[in-house]
Amino acid sequence: MEHAREVQPLGRAGQTSNEYRFSIVIPVLHEAERINDCLEQILSLQSDKAYEIIVVDADPNGETINSIRHRHIITAVSEPGRAKQMNAGAALAGGDILIFLHADTQLPADAFERIAEALKDEKYVGGAFDLGIDSDNFWLRATASRARLRSRLTRVPYGDQAIFLRKNYFDKIGRFKEIALMEDVELMRRIKKRGDKIFILCDQVKTSARRWEKEGVFYTTLRNIVLVTLYTLGVSPDWLARYYSKAKA
């Protein structure tokens with residue numbers, strides 16, 4: 001993996017050594033039009049917590065990271081695949097807590113404080129936020145409500161809920177399995193199988209509705225249910241990725 005790095009040291013004036021430091025890892029591909037809005041939203045968070053932002057581009061030409069206007073963003077180019085990108089970003093991370101964030105998802109205003117509060121209890125190895133979808137569409141709001149209920153019942157949040165984990169724990173359990181699809185589900189089920197605990201915060205992230213609007217609310221929701229069901233039944237992630245690509249075409 002080749003990468004270029006512009007480092008902002010973690011830590012700010014007045015910080016004490018027992019405070020968490022955060023590394024936000026953002027895997028991207030063809031997100032040049034969106035990435036700066038994503039970064040601006042993170043930088044606008046009202047917090048005195050120390051954090052760094054790591055953007056990992058799956059485009060070998062670095063289309064997205066070359067469009068970044070902000071200074072002090074750590075950037076990397078990785079092999080394609082969200083799991084590979086997130087593992088590559090985590091390998092560069094200097095924080096105690098990793099936050100895996102999609103480029104079309106916004107964190108709550110007090111995200112760092114809420115995560116730090118949840119992880120004061122050492123029995124929790126990480127967690128995720130409740131899902132919110134940036135739309136007034138009734139069916140999308142219902143979809144988000146269903147997703148919130150599902151993640152609380154199953155304790156298996158998905159990647160668009162901004163999963164966060166203690167870095168030392170993430171490294172210890174072997175990071176994301178580098179599969180073509182369902183890396184978030186696989187990781188959370190592995191954590192659950194180990195008997196370790198995650199915290200589902202009631203605060204909501206705000207995820208763009210673009211995928212549902214482009215492909216259709218019912219179709220997208222049904223397709224996602226089918227994919228997860230097939231994965232649960234043991235269907236190969238490689239096969240699912242091919243099905244997913246054909247379904248999007």
# chains A, B, ... in the order shown; residues from 1 in each chain; ligands from 1
>>> residues_around(residues="Glu19 in chain A", least_positions_apart="6", cutoff="9 Å", atoms="only C-alpha atoms", output="short mmCIF file (atom, residue, chain, number, x, y, z; two decimals) with N, CA, C and O atoms, in the first residue's frame")
data_model
loop_
_atom_site.label_atom_id
_atom_site.label_comp_id
_atom_site.auth_asym_id
_atom_site.auth_seq_id
_atom_site.Cartn_x
_atom_site.Cartn_y
_atom_site.Cartn_z
N LYS A 49 -12.01 17.62 22.44
CA LYS A 49 -11.33 16.34 22.35
C LYS A 49 -10.28 16.36 21.25
O LYS A 49 -10.44 17.03 20.22
N ALA A 50 -9.22 15.62 21.43
CA ALA A 50 -8.18 15.51 20.41
C ALA A 50 -8.61 14.48 19.38
O ALA A 50 -9.08 13.40 19.73
N ALA A 116 -17.02 9.02 24.48
CA ALA A 116 -16.17 8.97 25.67
C ALA A 116 -16.97 8.58 26.90
O ALA A 116 -16.51 7.78 27.74
#
>>> residues_around(residues="range 197-211 of chain A", least_positions_apart="6", cutoff="8 Å", atoms="only C-alpha atoms", output="ChimeraX atom specification")
/A:104-108,114,118,123-135,140,151-152,155,157,160-162,191,220
>>> write_last_selection(atoms="N, CA and C atoms", output="PDB file, in the first residue's frame")
ATOM      1  N   ASP A 104     -20.845   9.863   3.394  1.00  0.00           N
ATOM      2  CA  ASP A 104     -22.168  10.484   3.292  1.00  0.00           C
ATOM      3  C   ASP A 104     -22.922  10.455   4.615  1.00  0.00           C
ATOM      4  N   THR A 105     -22.190  10.299   5.709  1.00  0.00           N
ATOM      5  CA  THR A 105     -22.808  10.242   7.039  1.00  0.00           C
ATOM      6  C   THR A 105     -22.235  11.338   7.927  1.00  0.00           C
ATOM      7  N   GLN A 106     -23.107  12.025   8.658  1.00  0.00           N
ATOM      8  CA  GLN A 106     -22.691  13.091   9.556  1.00  0.00           C
ATOM      9  C   GLN A 106     -22.805  12.635  11.007  1.00  0.00           C
ATOM     10  N   LEU A 107     -21.793  12.953  11.776  1.00  0.00           N
ATOM     11  CA  LEU A 107     -21.797  12.626  13.204  1.00  0.00           C
ATOM     12  C   LEU A 107     -22.657  13.621  13.984  1.00  0.00           C
ATOM     13  N   PRO A 108     -23.219  13.197  15.111  1.00  0.00           N
ATOM     14  CA  PRO A 108     -23.919  14.146  15.987  1.00  0.00           C
ATOM     15  C   PRO A 108     -22.953  15.212  16.499  1.00  0.00           C
ATOM     16  N   ARG A 114     -20.127  11.861  23.660  1.00  0.00           N
ATOM     17  CA  ARG A 114     -21.034  10.736  23.870  1.00  0.00           C
ATOM     18  C   ARG A 114     -20.282   9.405  23.819  1.00  0.00           C
ATOM     19  N   ALA A 118     -19.746   6.771  26.950  1.00  0.00           N
ATOM     20  CA  ALA A 118     -20.132   5.360  26.855  1.00  0.00           C
ATOM     21  C   ALA A 118     -18.971   4.446  27.215  1.00  0.00           C
ATOM     22  N   LYS A 123     -16.438  -2.382  30.360  1.00  0.00           N
ATOM     23  CA  LYS A 123     -17.008  -3.605  29.790  1.00  0.00           C
ATOM     24  C   LYS A 123     -17.393  -3.427  28.324  1.00  0.00           C
ATOM     25  N   TYR A 124     -17.477  -2.178  27.860  1.00  0.00           N
ATOM     26  CA  TYR A 124     -17.825  -1.923  26.458  1.00  0.00           C
ATOM     27  C   TYR A 124     -16.556  -1.767  25.630  1.00  0.00           C
ATOM     28  N   VAL A 125     -16.480  -2.511  24.535  1.00  0.00           N
ATOM     29  CA  VAL A 125     -15.306  -2.449  23.654  1.00  0.00           C
ATOM     30  C   VAL A 125     -15.507  -1.456  22.518  1.00  0.00           C
ATOM     31  N   GLY A 126     -16.732  -1.002  22.342  1.00  0.00           N
ATOM     32  CA  GLY A 126     -17.049  -0.065  21.274  1.00  0.00           C
ATOM     33  C   GLY A 126     -18.540   0.092  21.141  1.00  0.00           C
ATOM     34  N   GLY A 127     -18.976   0.517  19.962  1.00  0.00           N
ATOM     35  CA  GLY A 127     -20.412   0.709  19.784  1.00  0.00           C
ATOM     36  C   GLY A 127     -20.714   1.382  18.458  1.00  0.00           C
ATOM     37  N   ALA A 128     -21.869   2.022  18.419  1.00  0.00           N
ATOM     38  CA  ALA A 128     -22.323   2.713  17.215  1.00  0.00           C
ATOM     39  C   ALA A 128     -23.452   3.654  17.614  1.00  0.00           C
ATOM     40  N   PHE A 129     -23.825   4.523  16.686  1.00  0.00           N
ATOM     41  CA  PHE A 129     -24.937   5.439  16.904  1.00  0.00           C
ATOM     42  C   PHE A 129     -26.216   4.851  16.319  1.00  0.00           C
ATOM     43  N   ASP A 130     -27.344   5.395  16.720  1.00  0.00           N
ATOM     44  CA  ASP A 130     -28.596   5.072  16.044  1.00  0.00           C
ATOM     45  C   ASP A 130     -28.561   5.665  14.640  1.00  0.00           C
ATOM     46  N   LEU A 131     -29.299   5.035  13.735  1.00  0.00           N
ATOM     47  CA  LEU A 131     -29.331   5.503  12.349  1.00  0.00           C
ATOM     48  C   LEU A 131     -30.393   6.580  12.145  1.00  0.00           C
ATOM     49  N   GLY A 132     -30.003   7.635  11.482  1.00  0.00           N
ATOM     50  CA  GLY A 132     -30.945   8.637  11.001  1.00  0.00           C
ATOM     51  C   GLY A 132     -30.700   8.841   9.519  1.00  0.00           C
ATOM     52  N   ILE A 133     -31.755   9.046   8.752  1.00  0.00           N
ATOM     53  CA  ILE A 133     -31.626   9.289   7.309  1.00  0.00           C
ATOM     54  C   ILE A 133     -32.050  10.722   7.024  1.00  0.00           C
ATOM     55  N   ASP A 134     -31.249  11.428   6.260  1.00  0.00           N
ATOM     56  CA  ASP A 134     -31.477  12.851   6.006  1.00  0.00           C
ATOM     57  C   ASP A 134     -32.589  13.029   4.964  1.00  0.00           C
ATOM     58  N   SER A 135     -33.827  12.828   5.393  1.00  0.00           N
ATOM     59  CA  SER A 135     -34.974  12.938   4.492  1.00  0.00           C
ATOM     60  C   SER A 135     -36.247  13.073   5.315  1.00  0.00           C
ATOM     61  N   LEU A 140     -38.663   6.523   4.310  1.00  0.00           N
ATOM     62  CA  LEU A 140     -37.271   6.515   4.744  1.00  0.00           C
ATOM     63  C   LEU A 140     -37.161   6.688   6.254  1.00  0.00           C
ATOM     64  N   SER A 151     -30.936  -2.923  15.260  1.00  0.00           N
ATOM     65  CA  SER A 151     -29.594  -2.905  15.847  1.00  0.00           C
ATOM     66  C   SER A 151     -29.639  -3.038  17.366  1.00  0.00           C
ATOM     67  N   ARG A 152     -30.706  -2.532  17.977  1.00  0.00           N
ATOM     68  CA  ARG A 152     -30.822  -2.668  19.430  1.00  0.00           C
ATOM     69  C   ARG A 152     -31.182  -4.101  19.838  1.00  0.00           C
ATOM     70  N   ARG A 155     -27.913  -6.263  18.433  1.00  0.00           N
ATOM     71  CA  ARG A 155     -26.599  -5.746  18.826  1.00  0.00           C
ATOM     72  C   ARG A 155     -25.594  -5.895  17.694  1.00  0.00           C
ATOM     73  N   PRO A 157     -24.876  -3.494  14.782  1.00  0.00           N
ATOM     74  CA  PRO A 157     -25.044  -2.278  13.978  1.00  0.00           C
ATOM     75  C   PRO A 157     -24.314  -2.401  12.651  1.00  0.00           C
ATOM     76  N   ASP A 160     -23.117   2.182   8.344  1.00  0.00           N
ATOM     77  CA  ASP A 160     -23.633   3.547   8.216  1.00  0.00           C
ATOM     78  C   ASP A 160     -24.094   4.129   9.549  1.00  0.00           C
ATOM     79  N   GLN A 161     -23.831   3.393  10.656  1.00  0.00           N
ATOM     80  CA  GLN A 161     -24.137   3.901  11.994  1.00  0.00           C
ATOM     81  C   GLN A 161     -22.885   4.424  12.690  1.00  0.00           C
ATOM     82  N   ALA A 162     -21.803   4.604  11.949  1.00  0.00           N
ATOM     83  CA  ALA A 162     -20.546   5.120  12.500  1.00  0.00           C
ATOM     84  C   ALA A 162     -20.049   4.256  13.658  1.00  0.00           C
ATOM     85  N   ILE A 191     -17.562 -10.033  17.407  1.00  0.00           N
ATOM     86  CA  ILE A 191     -17.529  -9.433  18.749  1.00  0.00           C
ATOM     87  C   ILE A 191     -18.595 -10.059  19.639  1.00  0.00           C
ATOM     88  N   THR A 220     -34.236  -0.823  -2.510  1.00  0.00           N
ATOM     89  CA  THR A 220     -32.984  -0.782  -1.764  1.00  0.00           C
ATOM     90  C   THR A 220     -33.114  -1.496  -0.422  1.00  0.00           C
TER      91      THR A 220
END
>>> residues_around(residues="range 75-92 of chain A", least_positions_apart="6", cutoff="10 Å", atoms="only C-alpha atoms", output="ChimeraX atom specification")
/A:1-7,23-29,53-66,68,98-102,167,170-171,174-184
>>> write_last_selection(atoms="C-alpha atoms", output="short mmCIF file (atom, residue, chain, number, x, y, z; two decimals), in the first residue's frame")
data_model
loop_
_atom_site.label_atom_id
_atom_site.label_comp_id
_atom_site.auth_asym_id
_atom_site.auth_seq_id
_atom_site.Cartn_x
_atom_site.Cartn_y
_atom_site.Cartn_z
CA MET A 1 0.00 0.00 0.00
CA GLU A 2 1.29 3.43 -0.93
CA HIS A 3 0.28 6.48 1.03
CA ALA A 4 1.04 10.10 1.60
CA ARG A 5 0.60 11.55 5.05
CA GLU A 6 0.13 15.06 6.35
CA VAL A 7 0.04 14.69 10.11
CA SER A 23 -9.10 8.70 14.92
CA ILE A 24 -11.87 9.07 12.33
CA VAL A 25 -11.31 6.72 9.39
CA ILE A 26 -13.22 7.53 6.19
CA PRO A 27 -13.05 5.04 3.29
CA VAL A 28 -13.84 6.72 -0.04
CA LEU A 29 -14.18 6.01 -3.75
CA ILE A 53 -9.08 12.47 10.34
CA ILE A 54 -7.80 9.76 8.01
CA VAL A 55 -9.23 9.53 4.48
CA VAL A 56 -8.42 6.32 2.58
CA ASP A 57 -9.05 6.37 -1.17
CA ALA A 58 -9.58 3.18 -3.19
CA ASP A 59 -8.88 5.04 -6.44
CA PRO A 60 -5.20 4.45 -7.35
CA ASN A 61 -5.10 7.99 -8.78
CA GLY A 62 -6.37 9.44 -5.51
CA GLU A 63 -9.26 11.31 -7.14
CA THR A 64 -11.00 12.01 -3.84
CA ILE A 65 -8.02 12.79 -1.63
CA ASN A 66 -6.56 15.10 -4.30
CA ILE A 68 -9.38 17.77 -0.24
CA LEU A 98 -11.39 4.46 16.08
CA ILE A 99 -14.52 5.85 14.42
CA PHE A 100 -15.31 4.33 11.03
CA LEU A 101 -17.34 6.90 9.12
CA HIS A 102 -18.93 6.80 5.67
CA LYS A 167 -8.07 0.64 18.91
CA PHE A 170 -9.71 -3.76 17.22
CA ASP A 171 -6.08 -4.77 16.68
CA GLY A 174 -7.77 -9.10 13.95
CA ARG A 175 -9.41 -5.96 12.51
CA PHE A 176 -11.98 -6.18 9.71
CA LYS A 177 -12.00 -9.40 7.77
CA GLU A 178 -11.04 -8.35 4.25
CA ILE A 179 -14.09 -9.70 2.45
CA ALA A 180 -15.91 -8.18 -0.52
CA LEU A 181 -19.07 -7.28 1.41
CA MET A 182 -20.56 -7.53 4.92
CA GLU A 183 -17.32 -6.70 6.72
CA ASP A 184 -19.27 -4.65 9.28
#
>>> select_by_dssp(residues="range 26-222 of chain A", states="strand (DSSP E)", output="PyMOL selection string")
chain A and resi 26-28+50-57+74-77+97-100+105-106+124-130+133-134+164-166+197-204+206-208
>>> residues_around(residues="Ala109 in chain A", least_positions_apart="3", cutoff="9 Å", atoms="only C-alpha atoms", output="ChimeraX atom specification")
/A:41-42,44-47,106,112
>>> atom_distance(atom1="CA of Thr221 in chain A", atom2="CA of Leu149 in chain A")
14.9 Å
>>> select_by_dssp(residues="range 107-228 of chain A", states="alpha helix (DSSP H)", output="ChimeraX atom specification")
/A:111-118,138-154,167-172,183-194,210-215,217-228
>>> atom_distance(atom1="CA of Arg148 in chain A", atom2="CA of Arg190 in chain A")
20.3 Å
